Amino acid sequence: MKRFGFVLGVLLAVCLVMTIGSPAYAAKVIKIGVIGPMNFVQGKGHWNGATLAAEEINAKGGIQVGKKKMKIELVKTDSNEFLSMTDATNAMELAITRHKVDFLVGGFRTEAVLAMQDIAMDYKKIFIGCGAAHPELCTRVAENYDRYKYWFRGTPFNSMYLVRTCFIHMATVGAILKKMLNIPKVKVAIVAEKAMWVDPMVAAAKEFIPKMGMEMAGIWRPSAVATDVTAELSAIQRAGAHMIFTTFSSSVGITFARQAGGLKIPAAQVGINVEAQKDGFWDATEGMGNYVMTMNTYARGVEYNELTAPFVDKYIKKFAEVPTYTADTYASIIYNLAPVIEQAGTLDADKLVAIMENRVYKVPSGRIEYIKDTEGRHLHDLKWGPGYLTSLGTQWQDGKLKGVWPNRWKASKDAPEITYKGIVPYKIAPWIIEKYKK
Amino acid sequence: MIIDIIISGLINGSVYALLAIGFSLIFGVARIVNIAHTAFYMVASYCIYYATHQMGVHPVLAMLVAIGLVTLIGLICYKLFIDPIREHEAAVLIATIALAIAMQEIMLLIFTGDFLSVPALVTGYLKIFEVKIAYQQLLTFAVALLILAGVWALLKKTRLGLAIRSTAEDREVANLMGMNESRVAMMTMAVSVGLAAFAGAVVVPLSVVHPHMWMHPLIMMMAVVVLGGLGSLKGSFVGAYILGLAESLVVFLIPMGAFLKGSVALSIMILVLLIRPEGLFGVAFEEER
């Protein structure tokens, strides 16, 4: 009887170990944690993109891992990172320890992603960031490769490149204003929400605006959730700005665009306004966001390459809206994780990292290559530029979000002109023309 | 620049005044610190959004329905969650915090965290000394003045007002004189929540509708009523304009620190309290009842 009890105990312990401790690849599914603020549009983008990818892969029977096919199971993980950093870190911990995810995609707010990144690295889980732009996320890889090598940036390219692209947009619009309205020296107001990802952009803008032959009208830093910016708008108008360089990722983007449009502030808005990247922006501003230009990733009818239209069309068909950049969880799963797992024939993170960091591959928003720092160390950060990732400049034109950049853009004097399919000319708001046209 | 600061300050102040008057009223009468006050303002905003965008109702009609509906919700909440524990002020405070969070979560569940908007009642703008002011902002300013006049008339010229003032003066004596103190408190709650809903209706076309939109106005409103003197309507009105002007000053004088406008306003509140703990127009605590 004693012996029977011992055997039963051993059997129970084995069952327990098998159910709790077995690796995911023994479970025939690959678990991908999709982490983001799920009650907000950024998180919805994460989830929608990942859902499309999982459906597509599973419809083909799954991913070939060695000799067996494994389907994808997504784990929806609400980080609530806009409101609580603690919620974000708890969500990451929960995804890894309780749901036992194999990989993670998502994250949006840099402050939260930095904390979530550490947790993922503690557990040696590959985490592809699809939202946060701060360079620190990748410099950590170079500085402490063994710990942070499991982190990869999926989208967007880092804020230094974001600002570079925005400067090109600013220079483009500045040249149009100069030419069309005979403005001798364009004055630029910088309006940037108070957030960590914006700080390097503001610093760079301060330095480069004069170098671009333009004049600074001032810098305003409203709260990311400001509900009234009329005082800022009055001050900007008083400062004589012809152009407003915006960097908004939160609700202030709607407030600003709506109030500026309502008051017909005679200054062209250029830069990043995440809210303006979404289909809902027109309704949210009651049409006052007309002529707002923002850096963007996707727009109806604009194609970077042959992968763009199928993805955008499929996304619109399923979710009735244009994907925003956080929906690039799709590309991170379908064009990064899936082929790498198939190539390695394993889910072993170290083996996958070795393949991932050296791959060059196409995605719907361009071509991805991971860059190294000046000392040749891996950053797992994205390469920016013609032939790789450039993003788009999009402008709201009478209720439609149109692609307006790159339009015959030359990255350097000798470089070939780039115009993506579906790009249309930039339009100046009529009240700006009325104010400055002589 | 001075003109810009004054005009922006007056507009900002009007928004805070609209919210603070209702909050101050219910505190002055029933000693209820209703943290959910701005949550009712948020619910009213969602009601207007739903009526205008989902049902195609005219904005003015949507406003009226929203004010009525939210007042009703306010009364139900009062009866269910506040009235039974009214004697315990700390419990009321906690209950209204819970109520506000519950309303936020319900809106989050129904409408998600998407940023929404409602149409302005009047579009366009007016130029005063080269400063552009949206008609909707002018409307808010005018409505704030009208509401104050209306509340003053209600308190001074009606029997209900007399009952409210008596109850505010001394609840027990008012009870002994045959006034139904509980009923007066309920009526005051209705007026207070109605004012919050009205504020939502007027202010929200200037802003963005989302489930957390009640938090910032709550902080500013609390600052206004503490600065003006808890329970003092006149104090709330004056306090609102002081903080509105302070915010404008920050934006114009330290544009790089525009995000600090809320903090500066709160610092002014603390400063005033250090010098005059009862607020600008409040009754000194030791003299209270």
# chains A, B, ... in the order shown; residues from 1 in each chain; ligands from 1
call {"tool": "interface_residues", "arguments": {"of": "chain B", "to": "chain A", "cutoff": "6 Å", "atoms": "only C-alpha atoms", "output": "list in words"}}
result
Ser8, Thr112, Gly113, Asp114, Leu116, Ser117, Ser207, Pro255, Met256, Gly257, Ala258 and Phe259 of chain B
call {"tool": "residues_around", "arguments": {"residues": "A:Ala344", "least_positions_apart": "6", "cutoff": "9 Å", "atoms": "only C-alpha atoms", "output": "list in words"}}
result
Val65, Gly66, Lys351, Leu352 and Ile355 of chain A
call {"tool": "write_last_selection", "arguments": {"atoms": "C-alpha atoms", "output": "PDB file, in the first residue's frame"}}
result
ATOM      1  CA  VAL A  65       9.062  23.890 -36.955  1.00  0.00           C
ATOM      2  CA  GLY A  66      11.494  21.111 -37.747  1.00  0.00           C
ATOM      3  CA  LYS A 351      19.142  30.485 -32.324  1.00  0.00           C
ATOM      4  CA  LEU A 352      16.365  32.705 -33.690  1.00  0.00           C
ATOM      5  CA  ILE A 355      19.162  34.584 -37.755  1.00  0.00           C
TER       6      ILE A 355
END
call {"tool": "closest_residue", "arguments": {"among": "B:Ala240, B:Ile26, B:Val118, B:Ile7", "to": "B:Ala51", "atoms": "only C-alpha atoms"}}
result
B:Val118
call {"tool": "select_by_dssp", "arguments": {"residues": "stretch 70-170 of chain B", "states": "strand (DSSP E)", "output": "number ranges by chain"}}
result
B: 125-128, 131-134
call {"tool": "residues_around", "arguments": {"residues": "B:Ala44", "least_positions_apart": "4", "cutoff": "6 Å", "atoms": "only C-alpha atoms", "output": "PyMOL selection string"}}
result
chain B and resi 66+197+200
call {"tool": "select_by_dssp", "arguments": {"residues": "stretch 258-348 of chain A", "states": "alpha helix (DSSP H)", "output": "PyMOL selection string"}}
result
chain A and resi 258-262+281-284+308-319+329-331+338-344
